[in-house]
file coords09.txt (compact mmCIF, C-alpha atoms)
# COMPACT_ATOMS: atom_id res chain seq x y z
CA MET A 1 0.00 0.00 0.00
CA LYS A 2 1.01 3.61 -0.41
CA ILE A 3 0.19 6.81 1.45
CA GLU A 4 0.93 10.20 -0.08
CA ILE A 5 0.73 13.69 1.40
CA ASP A 6 -1.04 16.53 -0.39
CA THR A 7 -0.53 20.11 0.84
CA SER A 8 -2.27 21.97 -1.99
CA SER A 9 -5.16 23.18 0.20
CA PHE A 10 -2.87 24.43 2.93
CA ASP A 11 -0.36 25.98 0.52
CA PHE A 12 -3.02 27.91 -1.38
CA LEU A 13 -4.62 29.12 1.84
CA ILE A 14 -1.24 30.48 2.89
CA GLU A 15 -1.19 32.54 -0.31
CA LEU A 16 -4.66 33.92 0.38
CA TYR A 17 -3.81 34.54 4.03
CA SER A 18 -0.82 36.70 2.99
CA GLU A 19 -3.29 38.90 1.09
CA MET A 20 -6.08 38.90 3.67
CA LYS A 21 -3.82 39.90 6.56
CA LYS A 22 -3.02 43.05 4.58
CA GLY A 23 -6.73 43.83 4.36
CA GLN A 24 -7.06 42.81 0.71
CA GLU A 25 -10.26 41.32 -0.67
CA ILE A 26 -9.99 37.88 -2.23
CA THR A 27 -11.44 37.55 -5.72
CA ALA A 28 -14.10 34.98 -6.53
CA GLU A 29 -11.61 33.33 -8.88
CA LYS A 30 -9.06 32.80 -6.11
CA TRP A 31 -11.68 31.50 -3.70
CA GLY A 32 -12.66 29.05 -6.42
CA GLU A 33 -9.06 27.89 -6.81
CA LEU A 34 -8.74 27.32 -3.07
CA LEU A 35 -11.99 25.39 -2.80
CA ASN A 36 -11.07 23.22 -5.79
CA THR A 37 -7.95 21.89 -4.07
CA MET A 38 -8.15 18.29 -2.91
CA GLY A 39 -8.80 18.83 0.79
CA TYR A 40 -11.45 21.52 0.48
CA GLN A 41 -13.18 19.79 -2.42
CA ALA A 42 -13.59 16.66 -0.28
CA LEU A 43 -14.95 18.71 2.64
CA LEU A 44 -17.39 20.54 0.36
CA ASN A 45 -18.61 17.27 -1.11
CA GLU A 46 -19.47 15.84 2.30
CA GLU A 47 -20.37 18.44 4.93
CA PHE A 48 -19.31 22.09 4.48
CA SER A 49 -20.45 24.83 2.10
CA GLU A 50 -18.42 27.27 0.03
CA ASN A 51 -19.95 30.20 1.92
CA PHE A 52 -18.90 28.67 5.24
CA PHE A 53 -15.21 28.78 4.34
CA LYS A 54 -15.32 32.10 2.49
CA ARG A 55 -17.14 33.85 5.32
CA ASN A 56 -15.32 32.42 8.31
CA LEU A 57 -11.79 32.41 6.92
CA GLU A 58 -12.17 36.01 5.78
CA LEU A 59 -13.60 37.16 9.11
CA ALA A 60 -10.76 35.48 11.02
CA PHE A 61 -7.89 36.46 8.70
CA ASN A 62 -8.78 39.94 7.40
CA PRO A 63 -8.22 42.73 9.99
CA THR A 64 -10.61 45.08 8.16
CA LYS A 65 -13.43 42.73 9.18
CA SER A 66 -12.76 43.10 12.92
CA GLU A 67 -16.15 44.61 13.76
CA GLU A 68 -18.00 41.96 11.79
CA LEU A 69 -15.85 39.36 13.52
CA ARG A 70 -16.81 40.62 16.98
CA ASN A 71 -20.48 40.50 16.08
CA ALA A 72 -20.18 37.03 14.58
CA LEU A 73 -18.42 35.69 17.66
CA GLU A 74 -21.39 36.78 19.76
CA VAL A 75 -24.30 35.62 17.62
CA THR A 76 -23.29 33.07 14.98
CA THR A 77 -23.67 29.34 15.42
CA GLU A 78 -20.26 29.05 13.78
CA SER A 79 -18.42 30.95 16.53
CA ARG A 80 -16.55 27.79 17.58
CA TYR A 81 -14.96 27.60 14.14
CA LEU A 82 -14.22 31.31 14.13
CA ARG A 83 -12.39 31.08 17.45
CA TYR A 84 -10.34 28.21 16.10
CA TYR A 85 -9.49 30.06 12.87
CA ILE A 86 -8.26 32.98 14.97
CA GLU A 87 -5.92 30.53 16.73
CA VAL A 88 -4.77 29.26 13.34
CA ARG A 89 -4.07 32.85 12.23
CA GLU A 90 -1.65 33.30 15.13
CA LYS A 91 0.15 30.02 14.39
CA MET A 92 0.19 30.04 10.59
CA ALA A 93 3.96 30.49 10.29
CA ASP A 94 4.57 27.62 12.71
CA TYR A 95 2.20 25.39 10.76
CA GLN A 96 4.08 26.18 7.56
CA ASN A 97 7.32 24.99 9.12
CA HIS A 98 5.73 21.84 10.52
CA VAL A 99 4.18 20.94 7.17
CA LYS A 100 7.59 21.32 5.50
CA THR A 101 9.08 19.02 8.14
CA LEU A 102 6.42 16.41 7.38
CA GLN A 103 7.24 16.53 3.70
CA LYS A 104 10.96 16.07 4.38
CA ASN A 105 10.32 13.08 6.65
CA TRP A 106 7.46 11.55 4.72
CA ALA A 107 9.00 8.12 3.97
CA ARG A 108 9.60 7.48 7.68
CA LEU A 109 6.19 8.81 8.69
CA GLU A 110 4.43 6.73 6.03
CA ASP A 111 6.01 3.55 7.43
CA ALA A 112 5.02 4.50 10.98
CA ILE A 113 1.40 5.22 9.97
CA ILE A 114 1.03 1.92 8.12
CA THR A 115 2.56 -0.05 11.01
CA ARG A 116 0.29 1.64 13.55
CA ALA A 117 -2.88 1.14 11.48
CA GLN A 118 -2.14 -2.50 10.69
CA SER A 119 -1.41 -3.32 14.34
CA LEU A 120 -5.19 -3.65 14.86
CA LEU A 121 -5.99 -5.42 11.59
CA PRO A 122 -5.62 -9.01 10.36
CA TYR A 123 -2.31 -9.65 8.64
CA LYS A 124 -2.59 -9.25 4.87
CA GLU A 125 -1.06 -7.34 2.00
CA PHE A 126 -3.12 -4.21 1.45
CA ASP A 127 -2.93 -2.50 -1.94
CA GLU A 128 -4.82 0.71 -1.14
CA GLU A 129 -3.41 4.03 -2.28
CA ILE A 130 -4.34 6.75 0.21
CA THR A 131 -3.79 10.51 0.17
CA VAL A 132 -3.54 12.66 3.30
CA SER A 133 -4.55 16.25 2.52
CA ILE A 134 -3.72 19.08 4.93
CA ALA A 135 -6.48 21.70 5.17
CA VAL A 136 -7.58 24.19 7.81
CA PHE A 137 -11.15 23.31 8.82
CA ASP A 138 -11.40 22.15 12.46
CA ARG A 139 -9.44 20.39 15.22
CA ASP A 140 -10.19 17.06 13.58
CA ALA A 141 -9.67 14.66 10.70
CA ARG A 142 -11.98 13.09 8.13
CA ALA A 143 -11.69 10.01 5.92
CA TYR A 144 -13.50 10.72 2.66
CA GLU A 145 -12.04 10.18 -0.82
CA ALA A 146 -8.86 11.37 0.90
CA ILE A 147 -7.95 11.74 4.56
CA ILE A 148 -8.42 15.42 5.45
CA LEU A 149 -6.30 16.59 8.35
CA ASP A 150 -6.18 19.96 10.07
CA PRO A 151 -2.63 21.39 10.39
CA ILE A 152 -2.86 21.48 14.19
CA PHE A 153 -1.94 17.78 14.08
CA THR A 154 1.30 18.51 12.22
CA THR A 155 2.88 20.18 15.24
CA GLN A 156 4.02 16.89 16.78
CA MET A 157 5.03 13.75 14.91
CA GLU A 158 3.22 11.47 17.38
CA SER A 159 -0.04 13.38 17.02
CA PHE A 160 0.22 13.25 13.24
CA VAL A 161 0.99 9.54 13.06
CA SER A 162 -1.72 8.69 15.61
CA ILE A 163 -4.63 10.47 13.98
CA VAL A 164 -3.70 9.56 10.40
CA ALA A 165 -3.30 5.91 11.42
CA HIS A 166 -6.79 6.04 12.96
CA GLU A 167 -8.25 7.20 9.63
CA VAL A 168 -6.15 4.74 7.60
CA HIS A 169 -7.48 1.98 9.84
CA HIS A 170 -11.04 2.95 8.86
CA ILE A 171 -10.20 2.78 5.16
CA LEU A 172 -8.45 -0.59 5.42
CA ARG A 173 -11.15 -2.07 7.65
CA HIS A 174 -13.79 -1.06 5.13
CA GLY A 175 -12.18 -3.43 2.64
CA LEU A 176 -12.58 -6.27 5.15
CA LEU A 177 -16.32 -5.84 5.81
CA LYS A 178 -18.19 -9.13 6.00
CA TYR A 179 -21.50 -7.62 4.98
CA ASP A 180 -22.67 -5.35 2.16
CA LYS A 181 -23.78 -1.95 3.46
CA ASP A 182 -25.76 -1.31 0.29
CA LYS A 183 -27.93 -4.37 0.97
CA VAL A 184 -29.03 -3.24 4.44
CA GLU A 185 -32.76 -2.52 4.34
CA ASP A 186 -33.77 1.10 4.92
CA GLU A 187 -35.66 0.38 8.13
CA GLU A 188 -32.55 -1.28 9.63
CA LYS A 189 -29.90 1.19 8.41
CA ASP A 190 -29.73 3.19 11.66
CA ILE A 191 -29.46 0.07 13.82
CA VAL A 192 -26.65 -1.31 11.67
CA TRP A 193 -24.97 2.11 11.59
CA VAL A 194 -24.80 2.14 15.39
CA LEU A 195 -23.28 -1.36 15.52
CA GLU A 196 -20.84 -0.41 12.77
CA GLN A 197 -19.77 2.73 14.62
CA MET A 198 -19.29 0.85 17.89
CA GLN A 199 -16.83 -1.56 16.33
CA ALA A 200 -15.14 0.74 13.81
CA GLU A 201 -14.56 3.66 16.17
CA GLY A 202 -14.08 1.54 19.27
CA ILE A 203 -11.14 -0.29 17.74
CA ALA A 204 -9.64 2.65 15.82
CA ASP A 205 -9.83 4.82 18.94
CA HIS A 206 -7.29 2.49 20.54
CA ILE A 207 -4.80 3.81 18.00
CA ASP A 208 -5.05 7.46 19.03
CA LYS A 209 -7.40 8.24 21.92
CA GLY A 210 -4.97 7.00 24.56
CA TYR A 211 -2.75 9.83 23.35
CA PHE A 212 -5.33 12.55 22.68
CA ILE A 213 -7.83 11.86 25.48
CA TYR A 214 -5.93 10.08 28.24
CA GLY A 215 -2.33 11.05 27.49
CA LYS A 216 -0.34 14.18 28.24
CA GLU A 217 -1.27 15.88 24.98
CA GLN A 218 -4.95 16.83 25.32
CA ASP A 219 -4.83 20.18 23.51
CA PHE A 220 -5.39 18.96 19.96
CA PHE A 221 -9.12 18.29 20.14
CA HIS A 222 -11.52 20.84 21.59
CA LYS A 223 -11.36 20.72 25.39
CA GLN A 224 -15.10 20.21 25.56
CA TYR A 225 -14.77 17.08 23.41
CA VAL A 226 -12.05 15.64 25.65
CA THR A 227 -14.17 16.28 28.75
CA MET A 228 -17.30 14.81 27.16
CA PHE A 229 -15.44 11.73 25.94
CA LYS A 230 -14.18 10.93 29.45
CA GLN A 231 -17.58 11.66 30.97
CA TYR A 232 -19.42 9.35 28.58
CA VAL A 233 -16.91 6.55 29.13
CA SER A 234 -17.74 6.79 32.84
CA GLU A 235 -21.45 6.60 31.94
CA VAL A 236 -21.20 3.45 29.82
CA PRO A 237 -23.37 1.34 32.21
CA LYS A 238 -26.24 3.81 31.76
CA ILE A 239 -25.68 4.03 28.00
CA MET A 240 -25.78 0.23 27.74
CA LYS A 241 -28.96 0.12 29.81
CA ASP A 242 -30.58 2.63 27.43
CA LEU A 243 -29.48 0.52 24.48
CA ASP A 244 -30.90 -2.64 26.06
CA GLU A 245 -34.24 -0.94 26.69
CA ILE A 246 -34.50 0.05 23.04
CA PHE A 247 -33.74 -3.47 21.82
CA LEU A 248 -36.22 -4.87 24.35
CA LYS A 249 -38.97 -2.61 22.98
CA LEU A 250 -37.98 -3.72 19.48
CA SER A 251 -38.27 -7.39 20.46
CA GLN A 252 -41.67 -6.75 22.07
CA GLY A 253 -43.00 -4.93 19.02
CA VAL A 254 -43.32 -1.64 20.91
CA TYR A 255 -40.78 -0.08 18.51
CA GLN A 256 -40.62 -0.60 14.79
CA LYS A 257 -37.11 -1.08 13.43
CA GLU A 258 -36.86 2.43 12.02
CA VAL A 259 -37.96 3.98 15.32
CA ALA A 260 -35.55 1.79 17.29
CA GLY A 261 -32.69 2.86 15.02
CA LYS A 262 -33.40 6.54 15.48
CA GLU A 263 -33.66 6.06 19.26
CA LEU A 264 -30.28 4.29 19.30
CA ARG A 265 -28.64 7.13 17.39
CA ASN A 266 -30.15 9.66 19.78
CA LYS A 267 -29.21 7.78 22.96
CA ILE A 268 -25.60 6.80 22.18
CA PRO A 269 -23.41 9.92 22.43
CA LEU A 270 -20.49 11.13 20.30
CA SER A 271 -21.22 8.78 17.41
CA CYS A 272 -20.54 5.74 19.63
CA HIS A 273 -16.86 6.64 20.23
CA PRO A 274 -16.86 6.40 24.06
CA LEU A 275 -19.02 3.26 24.17
CA GLY A 276 -16.98 1.51 21.48
CA TYR A 277 -13.70 2.54 23.12
CA TYR A 278 -14.85 1.15 26.46
CA MET A 279 -15.99 -2.14 24.88
CA ALA A 280 -12.77 -2.64 22.93
CA ASN A 281 -10.78 -1.88 26.07
CA ILE A 282 -12.56 -4.64 28.03
CA ILE A 283 -12.09 -7.07 25.13
CA ILE A 284 -8.36 -6.36 24.93
CA LYS A 285 -7.95 -6.45 28.70
CA ASN A 286 -9.40 -9.97 28.81
CA SER A 287 -7.05 -11.41 26.18
CA LEU A 288 -9.55 -11.46 23.31
CA LEU A 289 -7.60 -9.13 21.03
CA ASP A 290 -6.99 -11.84 18.43
CA ASP A 291 -10.70 -12.65 18.29
CA MET A 292 -11.52 -8.94 17.91
CA ILE A 293 -9.07 -8.52 15.04
CA ARG A 294 -10.12 -11.74 13.31
CA ASP A 295 -13.75 -10.60 13.18
CA ILE A 296 -13.04 -6.93 12.55
CA GLY A 297 -15.32 -6.68 9.52
CA ASN A 298 -18.32 -8.09 11.37
CA PRO A 299 -19.82 -5.40 13.64
CA PHE A 300 -22.58 -7.78 14.81
CA SER A 301 -20.01 -9.97 16.56
CA PHE A 302 -18.49 -7.07 18.51
CA VAL A 303 -21.30 -6.90 21.09
CA LYS A 304 -21.19 -10.65 21.66
CA LEU A 305 -17.40 -10.61 22.02
CA TYR A 306 -17.72 -7.86 24.58
CA ASN A 307 -20.15 -9.98 26.63
CA LYS A 308 -17.67 -12.85 26.45
CA ALA A 309 -14.94 -10.55 27.76
CA VAL A 310 -17.18 -9.45 30.64
CA LEU A 311 -17.58 -13.07 31.74
CA ALA A 312 -13.80 -13.39 31.90
CA ASP A 313 -13.26 -10.16 33.81
CA ARG A 314 -12.56 -10.32 37.52
CA LYS A 315 -14.61 -7.22 38.18
CA GLU A 316 -18.36 -6.91 37.84
CA MET A 317 -18.91 -5.23 34.50
CA PRO A 318 -22.07 -4.16 32.64
CA SER A 319 -23.13 -6.53 29.87
CA PHE A 320 -25.74 -6.52 27.12
CA ALA A 321 -29.11 -8.15 27.74
CA LEU A 322 -30.22 -11.39 26.10
CA GLU A 323 -32.89 -9.54 24.07
CA THR A 324 -30.20 -7.26 22.64
CA ILE A 325 -28.03 -10.21 21.63
CA GLU A 326 -30.99 -11.98 20.04
CA GLN A 327 -31.87 -8.95 17.90
CA ILE A 328 -28.26 -8.51 16.81
CA ASP A 329 -28.01 -12.25 16.01
CA LYS A 330 -30.95 -11.87 13.63
CA LEU A 331 -29.19 -9.03 11.84
CA GLU A 332 -25.96 -11.01 11.63
CA GLN A 333 -27.71 -14.03 10.13
CA LYS A 334 -29.46 -11.77 7.64
CA TYR A 335 -26.52 -9.71 6.42
CA VAL A 336 -23.14 -11.34 7.09
CA LYS A 337 -21.75 -13.14 4.06
CA LYS A 338 -21.60 -16.88 4.53
call {"tool": "encode", "arguments": {"input": "coords09.txt", "output": "structure tokens"}}
result
Amino acid sequence: MKIEIDTSSFDFLIELYSEMKKGQEITAEKWGELLNTMGYQALLNEEFSENFFKRNLELAFNPTKSEELRNALEVTTESRYLRYYIEVREKMADYQNHVKTLQKNWARLEDAIITRAQSLLPYKEFDEEITVSIAVFDRDARAYEAIILDPIFTTQMESFVSIVAHEVHHILRHGLLKYDKDKVEDEEKDIVWVLEQMQAEGIADHIDKGYFIYGKEQDFFHKQYVTMFKQYVSEVPKIMKDLDEIFLKLSQGVYQKEVAGKELRNKIPLSCHPLGYYMANIIIKNSLLDDMIRDIGNPFSFVKLYNKAVLADRKEMPSFALETIEQIDKLEQKYVKK
């Protein structure tokens, strides 16, 4: 497999920033060039709008917009992004240097990323070609047609390797899925999505969350996210109880499948990251890592493996109810390739 780095989005933004900090207006043509670079194009295709980037980057980077910026920070729903872009403005020169360092050391970093990602995957020769694109957008990363990474993660090699390996793990795991997502019936899509998230994020989070959430370096993600992640991990027994109640109502016919799926998505916080992380941690702790890796493309087995790990644990741990397991078994029998 091969991983390449693309800095076109970041490099072009640097050019526009050098104009905006002087109070110059950016032409529509130049905005178009920026938003057609790999990183921004991927972000536009999936979740952001052109106006979002034009408006917020200009407010944060152009000093002639200071009054508008103050007003936006008080009233706009996008104030979190604005505050972050102001931080980026102050660190832009540092980010430039860090990005250059990444490019110089890319061969070594590529090897480290692949090794880290494959440490929680079955052994095989992967032939994927993956691009990591650096783009200012948020304290986060995305895995779309390319991996989009905010430059804040370039400031330390460990942070960069950790978060990119997390996203590479998602891409490689997707090729190992034991069911066809496109064949999941509409009424069951949300239920399957929750199970998929629990396994996919729970395992991948063991690549980087020990560093970003529980390690010494907790300044990369938003502080509120770090606090919430820890809080929800501590609330896993309650989250599991809520999940069991939903599956019980599904088994009793109180909930239709579509309703149950929406309830699951509403009840399980942070896209299942804390719950999945907790479950994978218990599985690993009880010497079932090989089983977890062997069945990594089957999200339906993850809940059952967790219950098996609970039985082996010396402490009293929360487990999933029989009704939950029965409902998940039905989905597994229906969708997993024989």
call {"tool": "residues_around", "arguments": {"input": "coords09.txt", "residues": "A:Asp313", "least_positions_apart": "5", "cutoff": "10 Å", "atoms": "only C-alpha atoms", "output": "list of chain:residue names"}}
result
A:Ile282, A:Ile283, A:Lys285, A:Asn286, A:Ser287, A:Asn307, A:Lys308
call {"tool": "closest_residue", "arguments": {"input": "coords09.txt", "among": "A:Thr77, A:Asn105, A:Gln197, A:Thr64", "to": "A:Leu275", "atoms": "all atoms listed in the file"}}
result
A:Gln197
call {"tool": "closest_residue", "arguments": {"input": "coords09.txt", "among": "A:Glu25, A:Glu158, A:Glu78, A:Glu110", "to": "A:Asn51", "atoms": "all atoms listed in the file"}}
result
A:Glu78
call {"tool": "closest_residue", "arguments": {"input": "coords09.txt", "among": "A:Leu82, A:Leu13, A:Leu288, A:Leu102", "to": "A:Gly32", "atoms": "only C-alpha atoms"}}
result
A:Leu13
call {"tool": "residues_around", "arguments": {"input": "coords09.txt", "residues": "stretch 84-95 of chain A", "least_positions_apart": "2", "cutoff": "7 Å", "atoms": "only C-alpha atoms", "output": "count of residues only"}}
result
11
call {"tool": "atom_distance", "arguments": {"input": "coords09.txt", "atom1": "atom CA of A:Pro318", "atom2": "atom CA of A:Tyr211"}}
result
25.6 Å
call {"tool": "residues_around", "arguments": {"input": "coords09.txt", "residues": "A:Thr76", "least_positions_apart": "6", "cutoff": "12 Å", "atoms": "only C-alpha atoms", "output": "JSON, numbers by chain"}}
result
{"A": [52, 55, 56, 68, 69, 70, 82, 83]}
call {"tool": "closest_residue", "arguments": {"input": "coords09.txt", "among": "A:Ile246, A:Ile3, A:Met198, A:Leu176", "to": "A:Ala321", "atoms": "all atoms listed in the file"}}
result
A:Ile246
call {"tool": "residues_around", "arguments": {"input": "coords09.txt", "residues": "A:Leu250", "least_positions_apart": "6", "cutoff": "10 Å", "atoms": "all atoms listed in the file", "output": "list of chain:residue names"}}
result
A:Asp244, A:Gln256, A:Lys257, A:Glu258, A:Val259, A:Ala260, A:Gly261, A:Glu323, A:Thr324, A:Gln327
call {"tool": "closest_residue", "arguments": {"input": "coords09.txt", "among": "A:Met317, A:Ala200, A:Leu59, A:Val254", "to": "A:Ser271", "atoms": "only C-alpha atoms"}}
result
A:Ala200
call {"tool": "atom_distance", "arguments": {"input": "coords09.txt", "atom1": "atom CA of A:Arg294", "atom2": "atom CA of A:Glu4"}}
result
28.0 Å
call {"tool": "closest_residue", "arguments": {"input": "coords09.txt", "among": "A:Ala204, A:Leu120, A:Val192, A:Ile14", "to": "A:Ile134", "atoms": "all atoms listed in the file"}}
result
A:Ile14
call {"tool": "decode", "arguments": {"input": "coords09.txt", "residues": "stretch 76-107 of chain A", "atoms": "N, CA and C atoms", "output": "mmCIF file, in the first residue's frame"}}
result
data_model
loop_
_atom_site.group_PDB
_atom_site.id
_atom_site.type_symbol
_atom_site.label_atom_id
_atom_site.label_comp_id
_atom_site.auth_asym_id
_atom_site.auth_seq_id
_atom_site.Cartn_x
_atom_site.Cartn_y
_atom_site.Cartn_z
ATOM 1 N N THR A 76 -23.245 34.135 15.981
ATOM 2 C CA THR A 76 -23.292 33.073 14.984
ATOM 3 C C THR A 76 -23.156 31.698 15.607
ATOM 4 N N THR A 77 -23.804 30.727 14.982
ATOM 5 C CA THR A 77 -23.670 29.338 15.422
ATOM 6 C C THR A 77 -22.308 28.767 15.046
ATOM 7 N N GLU A 78 -21.573 29.513 14.223
ATOM 8 C CA GLU A 78 -20.259 29.048 13.781
ATOM 9 C C GLU A 78 -19.123 29.672 14.589
ATOM 10 N N SER A 79 -19.440 30.247 15.751
ATOM 11 C CA SER A 79 -18.422 30.948 16.530
ATOM 12 C C SER A 79 -17.294 30.021 16.974
ATOM 13 N N ARG A 80 -17.604 28.733 17.186
ATOM 14 C CA ARG A 80 -16.551 27.786 17.581
ATOM 15 C C ARG A 80 -15.475 27.700 16.500
ATOM 16 N N TYR A 81 -15.908 27.652 15.246
ATOM 17 C CA TYR A 81 -14.956 27.600 14.137
ATOM 18 C C TYR A 81 -14.180 28.907 14.038
ATOM 19 N N LEU A 82 -14.882 30.008 14.200
ATOM 20 C CA LEU A 82 -14.217 31.312 14.127
ATOM 21 C C LEU A 82 -13.105 31.423 15.172
ATOM 22 N N ARG A 83 -13.405 31.009 16.388
ATOM 23 C CA ARG A 83 -12.390 31.078 17.446
ATOM 24 C C ARG A 83 -11.185 30.211 17.093
ATOM 25 N N TYR A 84 -11.454 29.080 16.495
ATOM 26 C CA TYR A 84 -10.340 28.214 16.104
ATOM 27 C C TYR A 84 -9.533 28.837 14.963
ATOM 28 N N TYR A 85 -10.209 29.442 13.983
ATOM 29 C CA TYR A 85 -9.488 30.056 12.871
ATOM 30 C C TYR A 85 -8.640 31.248 13.341
ATOM 31 N N ILE A 86 -9.087 31.913 14.384
ATOM 32 C CA ILE A 86 -8.261 32.978 14.973
ATOM 33 C C ILE A 86 -6.985 32.374 15.568
ATOM 34 N N GLU A 87 -7.111 31.230 16.219
ATOM 35 C CA GLU A 87 -5.918 30.530 16.728
ATOM 36 C C GLU A 87 -4.987 30.161 15.587
ATOM 37 N N VAL A 88 -5.567 29.653 14.505
ATOM 38 C CA VAL A 88 -4.768 29.264 13.339
ATOM 39 C C VAL A 88 -4.007 30.466 12.802
ATOM 40 N N ARG A 89 -4.691 31.609 12.739
ATOM 41 C CA ARG A 89 -4.067 32.850 12.234
ATOM 42 C C ARG A 89 -2.785 33.165 13.000
ATOM 43 N N GLU A 90 -2.816 32.971 14.304
ATOM 44 C CA GLU A 90 -1.647 33.299 15.127
ATOM 45 C C GLU A 90 -0.526 32.279 14.965
ATOM 46 N N LYS A 91 -0.852 31.096 14.461
ATOM 47 C CA LYS A 91 0.148 30.019 14.386
ATOM 48 C C LYS A 91 0.490 29.621 12.959
ATOM 49 N N MET A 92 0.046 30.417 11.995
ATOM 50 C CA MET A 92 0.190 30.039 10.594
ATOM 51 C C MET A 92 1.641 29.798 10.195
ATOM 52 N N ALA A 93 2.545 30.656 10.639
ATOM 53 C CA ALA A 93 3.963 30.488 10.290
ATOM 54 C C ALA A 93 4.512 29.190 10.866
ATOM 55 N N ASP A 94 4.134 28.875 12.103
ATOM 56 C CA ASP A 94 4.570 27.617 12.712
ATOM 57 C C ASP A 94 4.041 26.428 11.930
ATOM 58 N N TYR A 95 2.781 26.492 11.526
ATOM 59 C CA TYR A 95 2.200 25.386 10.763
ATOM 60 C C TYR A 95 2.935 25.191 9.440
ATOM 61 N N GLN A 96 3.316 26.291 8.806
ATOM 62 C CA GLN A 96 4.077 26.180 7.562
ATOM 63 C C GLN A 96 5.360 25.386 7.777
ATOM 64 N N ASN A 97 6.068 25.698 8.832
ATOM 65 C CA ASN A 97 7.324 24.992 9.123
ATOM 66 C C ASN A 97 7.079 23.518 9.423
ATOM 67 N N HIS A 98 6.021 23.241 10.177
ATOM 68 C CA HIS A 98 5.730 21.842 10.519
ATOM 69 C C HIS A 98 5.339 21.034 9.283
ATOM 70 N N VAL A 99 4.583 21.641 8.396
ATOM 71 C CA VAL A 99 4.183 20.944 7.175
ATOM 72 C C VAL A 99 5.414 20.638 6.319
ATOM 73 N N LYS A 100 6.343 21.564 6.241
ATOM 74 C CA LYS A 100 7.590 21.316 5.501
ATOM 75 C C LYS A 100 8.382 20.174 6.120
ATOM 76 N N THR A 101 8.380 20.104 7.444
ATOM 77 C CA THR A 101 9.078 19.017 8.138
ATOM 78 C C THR A 101 8.444 17.670 7.813
ATOM 79 N N LEU A 102 7.113 17.643 7.757
ATOM 80 C CA LEU A 102 6.422 16.407 7.383
ATOM 81 C C LEU A 102 6.831 15.950 5.993
ATOM 82 N N GLN A 103 6.891 16.881 5.074
ATOM 83 C CA GLN A 103 7.244 16.531 3.701
ATOM 84 C C GLN A 103 8.661 15.960 3.621
ATOM 85 N N LYS A 104 9.577 16.543 4.377
ATOM 86 C CA LYS A 104 10.963 16.067 4.376
ATOM 87 C C LYS A 104 11.081 14.656 4.957
ATOM 88 N N ASN A 105 10.230 14.348 5.931
ATOM 89 C CA ASN A 105 10.324 13.076 6.647
ATOM 90 C C ASN A 105 9.228 12.091 6.241
ATOM 91 N N TRP A 106 8.648 12.302 5.061
ATOM 92 C CA TRP A 106 7.460 11.546 4.717
ATOM 93 C C TRP A 106 7.683 10.034 4.651
ATOM 94 N N ALA A 107 8.771 9.570 4.104
ATOM 95 C CA ALA A 107 9.004 8.121 3.971
ATOM 96 C C ALA A 107 8.955 7.440 5.335
#
